[in-house]
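A.B. asks: My questions will all concern the structure given below.
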Amino acid sequence: MPERDALDAPDGRATDVGTTRFNGPMRITPVYYYSSASGLVRTFAERLGRPVYNLAEREHRRSEVDGPWVLLTPSYKTGNDRNDTIPEAVRRFLRSAHNRRELVAVMGSGNRNFGRHYQMAAREIARRSGRPMLFEFELAGTPWDVEECQHLLAELDEALAARHAGVA
Ligand SMILES: Cc1cc2nc3c(=O)[nH]c(=O)nc-3n(C[C@H](O)[C@H](O)[C@H](O)COP(=O)(O)O)c2cc1C
């Protein structure tokens with residue numbers, strides 16, 4: 001019997017996936033995010049109602065995931081020749097081959113004022129990793145953004161549970 005941890009849903013919850021029903025705790029996919037001192041992404045992440053980990057904290061940046069996870073990153077245009085927009089903490093976390101393998105989807109926070117650089121970091125990671133862009137929003141998001149994102153992540157939890165049970 002595996003030990004339960006913060007990522008598990010309450011015991012014994014039944015999960016419906018299409019017409020297939022299976023029992024057992026459904027894993028809640030964690031979101032690893034980066035947020036700078038302005039904290040806009042953190043504000044959004046903490047409203048999701050699921051385990052979230054800030055890669056600005058060394059402890060999380062240096063950790064390895066225990067299963068599928070979702071990345072949420074802002075874009076930060078550096079202004080240098082290459083115009084990198086991926087935060088260093090995100091690069092550091094993705095240096096782990098295990099973390100890269102377990103990544104299932106990418107989400108981004110940006111600001112449309114940055115024009116062609118809008119959401120560049122999240123979109124570049126999605127493109128390079130071959131993972132889908134699950135959700136994009138501006139700044140700390142609106143209440144609608146939070147709700148929409150909660151729904152999308154709940155659907156992802158179910159899809160991953162079905163995959164784990166071998167029915168998808
Ligand atoms: C210096 C700077 C550069 C930014 N560059 C971009 C960018 O290239 N593309 C984009 O979509 N947003 C850009 N943004 C907007 C941030 O990604 C956005 O405000 C995000 O919500 C910040 O999250 P945080 O406060 O959690 O760090 C930039 C913001 C700043 C301050």
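Convention: chains lettered A, B, ... in structure tokens order; per-chain residue numbering from 1; ligands numbered from 1 as shown.
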Can you tell me which residues sit at most 8 Å away from ligand 1, counting only C-alpha atoms and all ligand atoms, written as a VMD selection string?
C.D. replies: chain A and resid 34 to 43 73 to 78 85 109 to 121 138 to 140
A.B. asks: With N, CA and C atoms kept, could you save the residues just selected as an mmCIF file, in the first residue's frame?
C.D. replies:
```cif
data_model
loop_
_atom_site.group_PDB
_atom_site.id
_atom_site.type_symbol
_atom_site.label_atom_id
_atom_site.label_comp_id
_atom_site.auth_asym_id
_atom_site.auth_seq_id
_atom_site.Cartn_x
_atom_site.Cartn_y
_atom_site.Cartn_z
ATOM 1 N N TYR A 34 7.230 29.538 -11.747
ATOM 2 C CA TYR A 34 8.215 30.534 -11.337
ATOM 3 C C TYR A 34 7.481 31.850 -11.194
ATOM 4 N N SER A 35 7.799 32.587 -10.153
ATOM 5 C CA SER A 35 7.219 33.914 -9.965
ATOM 6 C C SER A 35 8.294 34.814 -9.391
ATOM 7 N N SER A 36 8.430 36.007 -9.981
ATOM 8 C CA SER A 36 9.447 36.951 -9.501
ATOM 9 C C SER A 36 8.908 37.701 -8.295
ATOM 10 N N ALA A 37 9.643 38.713 -7.862
ATOM 11 C CA ALA A 37 9.254 39.472 -6.665
ATOM 12 C C ALA A 37 7.889 40.136 -6.824
ATOM 13 N N SER A 38 7.493 40.441 -8.071
ATOM 14 C CA SER A 38 6.175 41.078 -8.257
ATOM 15 C C SER A 38 5.028 40.104 -7.961
ATOM 16 N N GLY A 39 5.297 38.796 -8.000
ATOM 17 C CA GLY A 39 4.351 37.808 -7.459
ATOM 18 C C GLY A 39 3.045 37.595 -8.205
ATOM 19 N N LEU A 40 2.960 38.043 -9.469
ATOM 20 C CA LEU A 40 1.681 37.896 -10.191
ATOM 21 C C LEU A 40 1.354 36.434 -10.438
ATOM 22 N N VAL A 41 2.324 35.667 -10.859
ATOM 23 C CA VAL A 41 2.089 34.241 -11.142
ATOM 24 C C VAL A 41 1.794 33.488 -9.843
ATOM 25 N N ARG A 42 2.467 33.891 -8.784
ATOM 26 C CA ARG A 42 2.203 33.222 -7.498
ATOM 27 C C ARG A 42 0.756 33.439 -7.060
ATOM 28 N N THR A 43 0.273 34.662 -7.225
ATOM 29 C CA THR A 43 -1.119 34.967 -6.869
ATOM 30 C C THR A 43 -2.065 34.040 -7.615
ATOM 31 N N THR A 73 4.883 29.306 -16.327
ATOM 32 C CA THR A 73 5.982 30.270 -16.328
ATOM 33 C C THR A 73 5.590 31.618 -16.934
ATOM 34 N N PRO A 74 6.099 32.701 -16.351
ATOM 35 C CA PRO A 74 5.986 33.995 -17.033
ATOM 36 C C PRO A 74 7.074 34.075 -18.098
ATOM 37 N N SER A 75 7.021 35.067 -18.945
ATOM 38 C CA SER A 75 8.093 35.341 -19.906
ATOM 39 C C SER A 75 8.804 36.602 -19.435
ATOM 40 N N TYR A 76 10.117 36.589 -19.496
ATOM 41 C CA TYR A 76 10.890 37.785 -19.135
ATOM 42 C C TYR A 76 11.898 38.099 -20.224
ATOM 43 N N LYS A 77 11.549 39.046 -21.052
ATOM 44 C CA LYS A 77 12.438 39.485 -22.135
ATOM 45 C C LYS A 77 13.659 40.139 -21.500
ATOM 46 N N THR A 78 14.829 39.646 -21.898
ATOM 47 C CA THR A 78 16.043 40.139 -21.250
ATOM 48 C C THR A 78 16.619 41.370 -21.931
ATOM 49 N N THR A 85 13.675 34.628 -22.973
ATOM 50 C CA THR A 85 12.560 35.005 -22.091
ATOM 51 C C THR A 85 12.298 33.958 -21.013
ATOM 52 N N SER A 109 2.025 32.912 -18.220
ATOM 53 C CA SER A 109 1.514 34.245 -17.881
ATOM 54 C C SER A 109 2.371 35.243 -18.642
ATOM 55 N N GLY A 110 1.731 36.240 -19.240
ATOM 56 C CA GLY A 110 2.488 37.245 -19.981
ATOM 57 C C GLY A 110 1.740 38.555 -19.994
ATOM 58 N N ASN A 111 2.220 39.432 -20.865
ATOM 59 C CA ASN A 111 1.614 40.754 -21.001
ATOM 60 C C ASN A 111 1.623 41.082 -22.499
ATOM 61 N N ARG A 112 0.435 41.327 -23.054
ATOM 62 C CA ARG A 112 0.320 41.542 -24.504
ATOM 63 C C ARG A 112 1.110 42.760 -24.991
ATOM 64 N N ASN A 113 1.464 43.658 -24.065
ATOM 65 C CA ASN A 113 2.278 44.811 -24.464
ATOM 66 C C ASN A 113 3.619 44.377 -25.049
ATOM 67 N N PHE A 114 4.029 43.148 -24.778
ATOM 68 C CA PHE A 114 5.321 42.681 -25.290
ATOM 69 C C PHE A 114 5.235 42.137 -26.716
ATOM 70 N N GLY A 115 4.065 42.333 -27.325
ATOM 71 C CA GLY A 115 3.915 42.050 -28.758
ATOM 72 C C GLY A 115 4.340 40.656 -29.153
ATOM 73 N N ARG A 116 5.292 40.567 -30.082
ATOM 74 C CA ARG A 116 5.661 39.238 -30.590
ATOM 75 C C ARG A 116 6.368 38.388 -29.530
ATOM 76 N N HIS A 117 6.748 39.004 -28.436
ATOM 77 C CA HIS A 117 7.342 38.222 -27.348
ATOM 78 C C HIS A 117 6.296 37.715 -26.356
ATOM 79 N N TYR A 118 5.012 38.000 -26.643
ATOM 80 C CA TYR A 118 3.957 37.567 -25.720
ATOM 81 C C TYR A 118 4.030 36.053 -25.507
ATOM 82 N N GLN A 119 4.110 35.631 -24.254
ATOM 83 C CA GLN A 119 4.127 34.208 -23.873
ATOM 84 C C GLN A 119 5.286 33.433 -24.507
ATOM 85 N N MET A 120 6.335 34.144 -24.849
ATOM 86 C CA MET A 120 7.400 33.469 -25.595
ATOM 87 C C MET A 120 8.047 32.321 -24.814
ATOM 88 N N ALA A 121 8.251 32.506 -23.509
ATOM 89 C CA ALA A 121 8.925 31.460 -22.724
ATOM 90 C C ALA A 121 8.090 30.176 -22.698
ATOM 91 N N GLU A 138 -2.971 36.762 -18.856
ATOM 92 C CA GLU A 138 -2.130 37.944 -18.648
ATOM 93 C C GLU A 138 -1.994 38.247 -17.160
ATOM 94 N N LEU A 139 -0.792 38.656 -16.785
ATOM 95 C CA LEU A 139 -0.494 39.112 -15.419
ATOM 96 C C LEU A 139 -0.957 38.077 -14.379
ATOM 97 N N ALA A 140 -1.784 38.483 -13.398
ATOM 98 C CA ALA A 140 -2.232 37.510 -12.382
ATOM 99 C C ALA A 140 -3.524 36.828 -12.792
#
```
A.B. asks: Report as a tab-separated table the residues of range 18-121 of chain A within 9 Å of range 143-149 of chain A, each with its shortest atom pair and distance in Å (one decimal), using only C-alpha atoms, ordered by chain and increasing residue number.
C.D. replies:
```
residue	atom	partner	partner_atom	distance
A:Phe44	CA	A:Val146	CA	6.9
A:Ala45	CA	A:Val146	CA	8.5
A:Arg47	CA	A:Val146	CA	6.9
A:Leu48	CA	A:Val146	CA	6.5
```
A.B. asks: So, counting only C-alpha atoms, which residue among A:Glu46, A:Asn80, A:Ala159, A:Gly141 is closest to Val104 in chain A?
C.D. replies: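 The shortest atom-to-atom distance to Val104 in chain A comes from A:Ala159.
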A.B. asks: Taking the DSSP assignment computed from this structure's backbone, write out as a PyMOL selection string all residues of chain A that belong to helix (DSSP H, G or I).
C.D. replies: chain A and resi 40-45+58-61+88-94+97-102+112-117+120-129+143-164
A.B. asks: May I ask which of the residues A:Tyr33, A:Arg127, A:Glu59, A:His151 is the closest one to Leu71 in chain A, counting only C-alpha atoms?
C.D. replies: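 Residue with the minimum atom-to-atom distance to Leu71 in chain A: A:Tyr33.
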A.B. asks: With only C-alpha atoms as the counted atoms, please give the residues lying no more than 10 Å from Leu94 in chain A, apart from itself and same-chain residues fewer than 2 positions off, as a ChimeraX atom specification.
C.D. replies: /A:61-62,64,71,88-92,96-101,103,125
A.B. asks: Which residue gives the smallest distance to Pro51 in chain A among A:Ile86, A:Ile28, A:Val106, A:Leu160, with only C-alpha atoms counted?
C.D. replies: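 Between A:Ile86, A:Ile28, A:Val106, A:Leu160, the residue approaching Pro51 in chain A most closely is A:Ile28.
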A.B. asks: Run DSSP on the backbone and tell me which residues of range 55-93 of chain A come out as strand (DSSP E); list them as a list in words.
C.D. replies: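 Here are the strand (DSSP E) residues of range 55-93 of chain A: Trp69, Val70, Leu71, Leu72, Thr73 and Pro74 of chain A.
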A.B. asks: Nearest to Gly108 in chain A among A:Leu134, A:Ala126, A:Leu72, A:Met26, with distances taken over only C-alpha atoms: which residue is it?
C.D. replies: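 Of A:Leu134, A:Ala126, A:Leu72, A:Met26, the one nearest Gly108 in chain A is A:Leu72, counting only C-alpha atoms.
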A.B. asks: Rounded to one decimal place, report the CA of Phe93 in chain A-CA of Ala105 in chain A distance in Å.
C.D. replies: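 Rounded to one decimal, the two atoms are 14.8 Å apart.
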